[in-house]
Each structure stands twice: as C-alpha cells, then as structure tokens.
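Engineer: Submitted below is the structure of interest, expressed as structure tokens.
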Amino acid sequence: MTSTPDLAVLVKEALRAFAAATTMEELKAAKVAHVGENSPVALANRGIADLPKEDRKTAGQAIGQARGEIAIAYRSRESEHEAQELEARLLAERVDVTLPVTRRPQGALHPVTTMFNDLCDVFVAMGWEVMEGPEAEAEWLNFDALNFTPDHPSRFMSDTLFVDPPEHHLVMRTHTSPVQMRTLLTHDLPVYIVVPGKTYRADEYDATHLPVFHQLEGLAVDKGLSMADLKGTLDHLAKAMFGDQARTRLRPHYFPFTEPSAEIDIDCFVCHGQSVGNPDQPCRTCKSEGWIEWGGCGVVNPKVLQAAGIDVEIYSGFAFGMGVDRTVMFRHGASDLRDFAEGDVRFSRQMAGGVR
Ligand code: PHE
C-alpha cells in the first residue's frame, strides 16, 4: 500500500475539522480523531514498517510533513480558542469600579462594656482581681449573708424579682454584693476584688430607671484596712475615670452589710458646683447641688466577715458598689437611660466616639 495520495486528503480533513470546532471541547475531540494514536496519519506512520525498504524513506518524509502540517494547524486553532476564552472570561469578570458599594455596617462595643473594661483596668493596675457571679442568685447570698433582716423592705416582691417558684428562694440579684460573700467563702485572705455585672430590680422603665442595670462592686479585706483606704481608693478611681479635677464626697447612709456606711457622690460633671447658691445659673443635672450620687460604700460589717468564718480581730475591710450606667452618663453626657437598652448601634457608635 502507498498512503502518499491519501495524505493530502487526510490533511485537508483534519484542517476542516479543526476549523469547524467552535468550542475547546470540539477541538479536543477533533485532535483525538486527527492526531491521536488511532488517527489515519498515525496509522499510516505505523504502516511505514510494512513498506518495501526502498519506499520507506519517501513515505516517511511525506507522512512526517503531513503530521507537521496537521500539528501546526491544530496549535494555531487552539491558540485562537484560548484567546476567545480569555476574552469571554475577562468580559464576564469585569468590575465596574464606578458602581456604588454595599458596605457592611460596622458595630461598636456597648458603652457599658467599654466602661466596665475601663473601670476594671484601674483596679487590675493596682493588683486587684476581677470576679463574677451568677445573675440568678440564692436569696441567702443576696440578702441573709449580707445581714439583711428577714423583714427588710428591699426583699419584698415589689423591689426584688423572685424566680418561680418562690419557695426555691432564687432571686435575680438586686446588687453585685452577693459576690462579696461568694469570694470570702472561696478565697484565702487578703482579698482585693472588683465585680462587674448585671443587676435587677422591679423598677419602672423610664429615662432614669432600668429594671436591668449594671454595677461595679469592690471588696478589699486585709489586715488594718479602714475608711481612709476606702476614700483613697474612690478618689483614685474618680480621677482615673474623670480626670485630675474629679472629687468625691461621702455622705452617711445605711447598708446592712457595711458599718459605717456612706453614699458616694461625685462632683457635678456639668456645672462643677458653679450652680450652688447661684439662681442665675441653675443646673438640671445635679439640681444645683453640685454633687451627683454615684454609689454606696462602707467598712465591711464584722457580722458579714464572721459569717464567712473570718477572725475580725485580725481582718477588716471596705466595700463599694456603683451604678455603671450612671457612670457612662457622667462621662458621655447621655441623658436617657432607655438608650442603653434599646440596642440602636448608632448610640453605641456615638458613645464610642465620645470623650475617652
Ligand atoms: N449594694 C449596694 C447597692 O446596691 C451598694 C453597696 C455596695 C454599698 C458595697 C456598700 C458596699 O446599693
């Protein structure tokens, strides 16, 4: 057999098939048919061995030439397809940089969280420890252990949220003070702790009251602690939070778990006392008193220490608790407590961007 006359036809068929392939898949299929192992040119190439010796050279050259032409045709068609595919992809992936973007709205830490962090930082820097306790608390720890009598008015249902059923004596803690006793019962002395946390009271929801609010509790029990240490600690805290000009004042008060007890006032952040005795410049924030109530404090009642098995001849302590929502109001001038609970991120963002 001599395949030479067929070669021109084979080449033509291959070129036609490559040209007709409109997709890369079709082109690949045409390649298998016209270049592959069982394609006519490949078969012709293998047939060379069967030819008479003197014909092999010419046949080999002719077949080689035909295969070369087919291969070149294939490669050029292949690069055409590649260029087309690239162009189609670039078109599909084109980005219009002038289109408006959809931005993910950015959140912000709640101002109470930020305030807790800042308050705790002041104490951690002095070597105090941060403690936490449960919000649903044993009535005993919330009241009895803190020397509240069984008929103390704040136990009554109208102030305290009891968890059903009432005979389980579980309350939503009305202050962070139960963590005082929890700590004294589990820690070795001396104790220096602060307790950030949520507290609950059956209060109206209005501009100045929230049924869920936040306190920062502090407790120090060591040898020889007194009211002077308490005052020094509170002054340091006030200055760290509100600047060097900040002042605190203690007013005698009563708490069952401290003796003596006091309420802590901080000087008015709006008028700084300018409104006192000055009817021309009244201050709504402090009602022209020059001071705003910040929290409660006192020397730990020995009865509380004794209930925790502590020798009151050796150890004494002081404790304080402040309203953290109020602290945010002082520092940022927020005026309505309901903003704290409504969860509008604009409030958090505005507070986060405020005075720091
Ligand atoms: N627990 C008190 C309250 O909620 C505040 C307080 C804490 C007072 C510690 C004295 C000592 O009002």
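Residues are referred to by chain and number: the chain letter is A, B, ... according to the order shown in the structure tokens, the number counts from 1 in that chain, and ligands are numbered separately from 1 in the order shown.
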Using DSSP on the backbone, list every residue of region 68-271 of chain A that comes out as alpha helix (DSSP H), and give them as a count of residues only.

Structural biologist: 68

Engineer: Near region 243-259 of chain A, counting only C-alpha atoms, which residues have an atom at most 8 Å away, once you skip same-chain residues fewer than 2 positions from it, shown as a PyMOL selection string?

Structural biologist: chain A and resi 146-148+234-235+238-241+261-267+297-301+303-304+318-319

Engineer: Rank A:Thr176, A:Ala44, A:Asn278, A:Glu78 by their smallest atom-to-atom distance to Arg56 (chain A), using only C-alpha atoms, and report the top residue only.

Structural biologist: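 Ranking A:Thr176, A:Ala44, A:Asn278, A:Glu78 by distance to Arg56 (chain A), first place goes to A:Ala44.
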
Engineer: When you look at Leu184 (chain A) with a cut-off of 9 Å (counting only C-alpha atoms), what residues show up, excluding the ones that are within fewer than 4 positions of it in the same chain? I need them as number ranges by chain.

Structural biologist: A: 179-180, 188-189, 191, 221, 305, 308-310

Engineer: Expressed in Å to a single decimal, how great is the separation between CA of Asp311 (chain A) and CA of Ala228 (chain A)?

Structural biologist: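 It comes out at 21.1 Å.
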
Engineer: May I ask which of the residues A:Ala341, A:Ile70, A:Ala125, A:Met322 is the closest one to Asp206 (chain A), counting only C-alpha atoms?

Structural biologist: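 Smallest distance to Asp206 (chain A) is found for A:Ala341.
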
Engineer: Go ahead and compute the interatomic distance for CA of Gln65 (chain A) and CA of Glu80 (chain A), in Å to one decimal.

Structural biologist: 22.9 Å

Engineer: Could you state the separation of CA of Ala207 (chain A) and CA of Ser335 (chain A) in Å, given to one decimal place?

Structural biologist: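 Computing the Euclidean distance for CA of Ala207 (chain A) and CA of Ser335 (chain A) yields 7.5 Å.
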
Engineer: Leaving out region 58-60 of chain A and any residue of its chain fewer than 3 positions from it, which residues lie within 7 Å of it when counting only C-alpha atoms, given as a VMD selection string?

Structural biologist: chain A and resid 4 48 55 63 to 64

Engineer: Just C-alpha atoms for this one: save the residues we selected as a CSV table (one decimal), in the first residue's frame.

Structural biologist:
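File out.csv, as written:
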```csv
chain,number,residue,atom,x,y,z
A,4,THR,CA,1.0,9.1,-0.2
A,48,ILE,CA,5.8,2.5,7.1
A,55,ASP,CA,9.8,3.2,-0.3
A,63,ILE,CA,3.8,11.4,6.4
A,64,GLY,CA,6.1,13.4,8.6
```

Engineer: Would you mind writing down, as an MDAnalysis selection string, each residue of region 31-270 of chain A that DSSP on the backbone assigns to strand (DSSP E)?

Structural biologist: chainID A and resid 129:130 136:138 170:172 191:200 212:223 248:255 258:267

Engineer: Output the selection as a compact mmCIF listing (two decimals), in the first residue's frame - N, CA and C atoms for each residue.

Structural biologist:
```txt
# COMPACT_ATOMS: atom_id res chain seq x y z
N GLU A 129 -8.28 41.68 91.64
CA GLU A 129 -8.72 40.60 90.77
C GLU A 129 -10.16 40.88 90.33
N VAL A 130 -10.51 40.46 89.11
CA VAL A 130 -11.88 40.63 88.62
C VAL A 130 -12.65 39.34 88.87
N ALA A 136 -28.89 34.92 88.49
CA ALA A 136 -29.94 34.30 89.30
C ALA A 136 -29.23 33.77 90.55
N GLU A 137 -29.54 34.37 91.70
CA GLU A 137 -28.72 34.17 92.89
C GLU A 137 -29.56 33.63 94.05
N ALA A 138 -28.93 32.88 94.92
CA ALA A 138 -29.62 32.40 96.13
C ALA A 138 -30.05 33.60 96.97
N LEU A 170 -34.80 31.69 94.98
CA LEU A 170 -33.86 32.17 93.98
C LEU A 170 -34.33 33.55 93.53
N VAL A 171 -33.41 34.52 93.53
CA VAL A 171 -33.80 35.88 93.10
C VAL A 171 -32.89 36.31 91.95
N MET A 172 -33.37 37.27 91.16
CA MET A 172 -32.46 37.95 90.23
C MET A 172 -31.70 38.94 91.11
N VAL A 191 -8.10 39.70 100.34
CA VAL A 191 -8.93 39.70 99.14
C VAL A 191 -9.01 41.13 98.61
N TYR A 192 -8.72 41.29 97.34
CA TYR A 192 -8.95 42.59 96.67
C TYR A 192 -9.64 42.28 95.35
N ILE A 193 -10.95 42.51 95.27
CA ILE A 193 -11.67 42.13 94.05
C ILE A 193 -12.60 43.25 93.57
N VAL A 194 -12.82 43.26 92.26
CA VAL A 194 -13.92 44.05 91.71
C VAL A 194 -14.82 43.09 90.93
N VAL A 195 -16.12 43.43 90.91
CA VAL A 195 -17.12 42.56 90.29
C VAL A 195 -17.98 43.37 89.33
N PRO A 196 -17.76 43.25 88.03
CA PRO A 196 -18.66 43.90 87.09
C PRO A 196 -19.87 43.00 86.84
N GLY A 197 -21.06 43.56 86.73
CA GLY A 197 -22.17 42.66 86.43
C GLY A 197 -23.52 43.33 86.30
N LYS A 198 -24.48 42.52 85.82
CA LYS A 198 -25.87 42.98 85.66
C LYS A 198 -26.61 42.79 86.97
N THR A 199 -27.53 43.72 87.25
CA THR A 199 -28.34 43.64 88.45
C THR A 199 -29.78 43.96 88.08
N TYR A 200 -30.71 43.48 88.91
CA TYR A 200 -32.13 43.51 88.54
C TYR A 200 -32.98 44.07 89.68
N VAL A 212 -33.11 46.36 84.45
CA VAL A 212 -31.82 45.66 84.39
C VAL A 212 -30.75 46.75 84.25
N PHE A 213 -29.85 46.81 85.24
CA PHE A 213 -28.83 47.84 85.17
C PHE A 213 -27.48 47.20 85.54
N HIS A 214 -26.46 48.01 85.71
CA HIS A 214 -25.11 47.45 85.89
C HIS A 214 -24.41 48.07 87.08
N GLN A 215 -23.71 47.23 87.82
CA GLN A 215 -22.95 47.74 88.96
C GLN A 215 -21.50 47.26 88.88
N LEU A 216 -20.63 48.04 89.50
CA LEU A 216 -19.28 47.56 89.75
C LEU A 216 -19.12 47.49 91.26
N GLU A 217 -18.90 46.28 91.76
CA GLU A 217 -18.70 46.06 93.18
C GLU A 217 -17.21 46.03 93.47
N GLY A 218 -16.83 46.50 94.65
CA GLY A 218 -15.44 46.36 95.05
C GLY A 218 -15.39 45.83 96.47
N LEU A 219 -14.42 44.97 96.77
CA LEU A 219 -14.27 44.46 98.14
C LEU A 219 -12.78 44.27 98.43
N ALA A 220 -12.36 44.83 99.55
CA ALA A 220 -10.99 44.60 100.00
C ALA A 220 -11.04 44.14 101.44
N VAL A 221 -10.43 43.01 101.75
CA VAL A 221 -10.34 42.53 103.14
C VAL A 221 -8.88 42.19 103.40
N ASP A 222 -8.32 42.85 104.41
CA ASP A 222 -6.89 42.68 104.69
C ASP A 222 -6.66 43.10 106.14
N LYS A 223 -5.43 43.03 106.60
CA LYS A 223 -5.14 43.48 107.97
C LYS A 223 -5.10 45.00 107.97
N THR A 248 -14.65 63.32 95.08
CA THR A 248 -15.76 62.52 95.61
C THR A 248 -16.09 63.02 97.02
N ARG A 249 -17.32 62.69 97.43
CA ARG A 249 -17.76 63.08 98.77
C ARG A 249 -18.53 61.90 99.35
N LEU A 250 -18.31 61.60 100.62
CA LEU A 250 -19.06 60.52 101.27
C LEU A 250 -20.13 61.14 102.17
N ARG A 251 -21.35 60.63 102.03
CA ARG A 251 -22.47 61.10 102.87
C ARG A 251 -22.95 59.93 103.71
N PRO A 252 -23.12 60.11 105.04
CA PRO A 252 -23.56 59.00 105.87
C PRO A 252 -24.85 58.37 105.35
N HIS A 253 -24.90 57.05 105.40
CA HIS A 253 -26.06 56.34 104.87
C HIS A 253 -26.18 55.04 105.66
N TYR A 254 -27.09 54.16 105.24
CA TYR A 254 -27.19 52.87 105.92
C TYR A 254 -27.23 51.73 104.92
N PHE A 255 -26.35 50.75 105.08
CA PHE A 255 -26.46 49.46 104.39
C PHE A 255 -26.27 48.40 105.46
N THR A 258 -22.50 47.04 105.67
CA THR A 258 -21.33 47.90 105.98
C THR A 258 -21.65 48.74 107.20
N GLU A 259 -20.60 49.06 107.97
CA GLU A 259 -20.79 49.86 109.18
C GLU A 259 -19.47 50.50 109.56
N PRO A 260 -19.28 51.81 109.47
CA PRO A 260 -20.28 52.76 108.97
C PRO A 260 -20.47 52.64 107.44
N SER A 261 -21.59 53.22 106.98
CA SER A 261 -21.91 53.20 105.55
C SER A 261 -22.01 54.62 105.02
N ALA A 262 -21.83 54.75 103.73
CA ALA A 262 -21.95 56.08 103.13
C ALA A 262 -22.42 55.97 101.69
N GLU A 263 -22.99 57.06 101.22
CA GLU A 263 -23.24 57.15 99.78
C GLU A 263 -22.10 57.96 99.17
N ILE A 264 -21.71 57.55 97.97
CA ILE A 264 -20.61 58.24 97.29
C ILE A 264 -21.20 59.24 96.31
N ASP A 265 -20.79 60.48 96.42
CA ASP A 265 -21.17 61.48 95.42
C ASP A 265 -19.93 61.87 94.63
N ILE A 266 -20.16 62.27 93.40
CA ILE A 266 -19.06 62.78 92.59
C ILE A 266 -19.43 64.19 92.17
N ASP A 267 -18.44 65.07 92.05
CA ASP A 267 -18.83 66.45 91.76
C ASP A 267 -19.42 66.55 90.36
```

Engineer: Residues within 8 Å of Val35 (chain A), please, as a PyMOL selection string. Count only C-alpha atoms; anything in the same chain fewer than 5 positions from it doesn't count.

Structural biologist: chain A and resi 41-42+67+70-71

Engineer: Write out as a PyMOL selection string the residues lying within 10 Å of Ala29 (chain A), counting only C-alpha atoms and excluding same-chain residues fewer than 6 positions away.

Structural biologist: chain A and resi 17-18+21+23+35-36

Engineer: Residues as selected, C-alpha atoms, written as an mmCIF file, in the first residue's frame, can you do that?

Structural biologist:
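Result saved to again10.cif:
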```
data_model
loop_
_atom_site.group_PDB
_atom_site.id
_atom_site.type_symbol
_atom_site.label_atom_id
_atom_site.label_comp_id
_atom_site.auth_asym_id
_atom_site.auth_seq_id
_atom_site.Cartn_x
_atom_site.Cartn_y
_atom_site.Cartn_z
ATOM 1 C CA ALA A 17 -12.396 19.510 11.389
ATOM 2 C CA PHE A 18 -10.221 21.959 13.368
ATOM 3 C CA ALA A 21 -14.703 23.125 16.026
ATOM 4 C CA THR A 23 -15.570 25.112 21.298
ATOM 5 C CA VAL A 35 -3.761 13.481 15.619
ATOM 6 C CA GLY A 36 -4.448 10.719 18.181
#
```

Engineer: Using only C-alpha atoms and all ligand atoms, which of A:Glu293, A:Glu13, A:Glu85, A:Glu26 sits nearest ligand 1?

Structural biologist: A:Glu293

Engineer: When distances are computed from only C-alpha atoms, which of A:Ser316, A:Phe116, A:Val270, A:Leu141 shows the smallest separation from Ser226 (chain A)?

Structural biologist: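 Closest residue, counting only C-alpha atoms: A:Ser316.
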
Engineer: List the spatial neighbours of Gln106 (chain A) as a ChimeraX atom specification - criterion: any atom at most 12 Å away, only C-alpha atoms, same-chain residues fewer than 5 positions off excluded.

Structural biologist: /A:345-346,348-349

Engineer: A:His236, A:Arg201, A:Lys53, A:Arg89: which is nearest ligand 1, counting only C-alpha atoms and all ligand atoms?

Structural biologist: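 When distances to ligand 1 are compared using only C-alpha atoms and all ligand atoms, the smallest one comes from A:Arg201.
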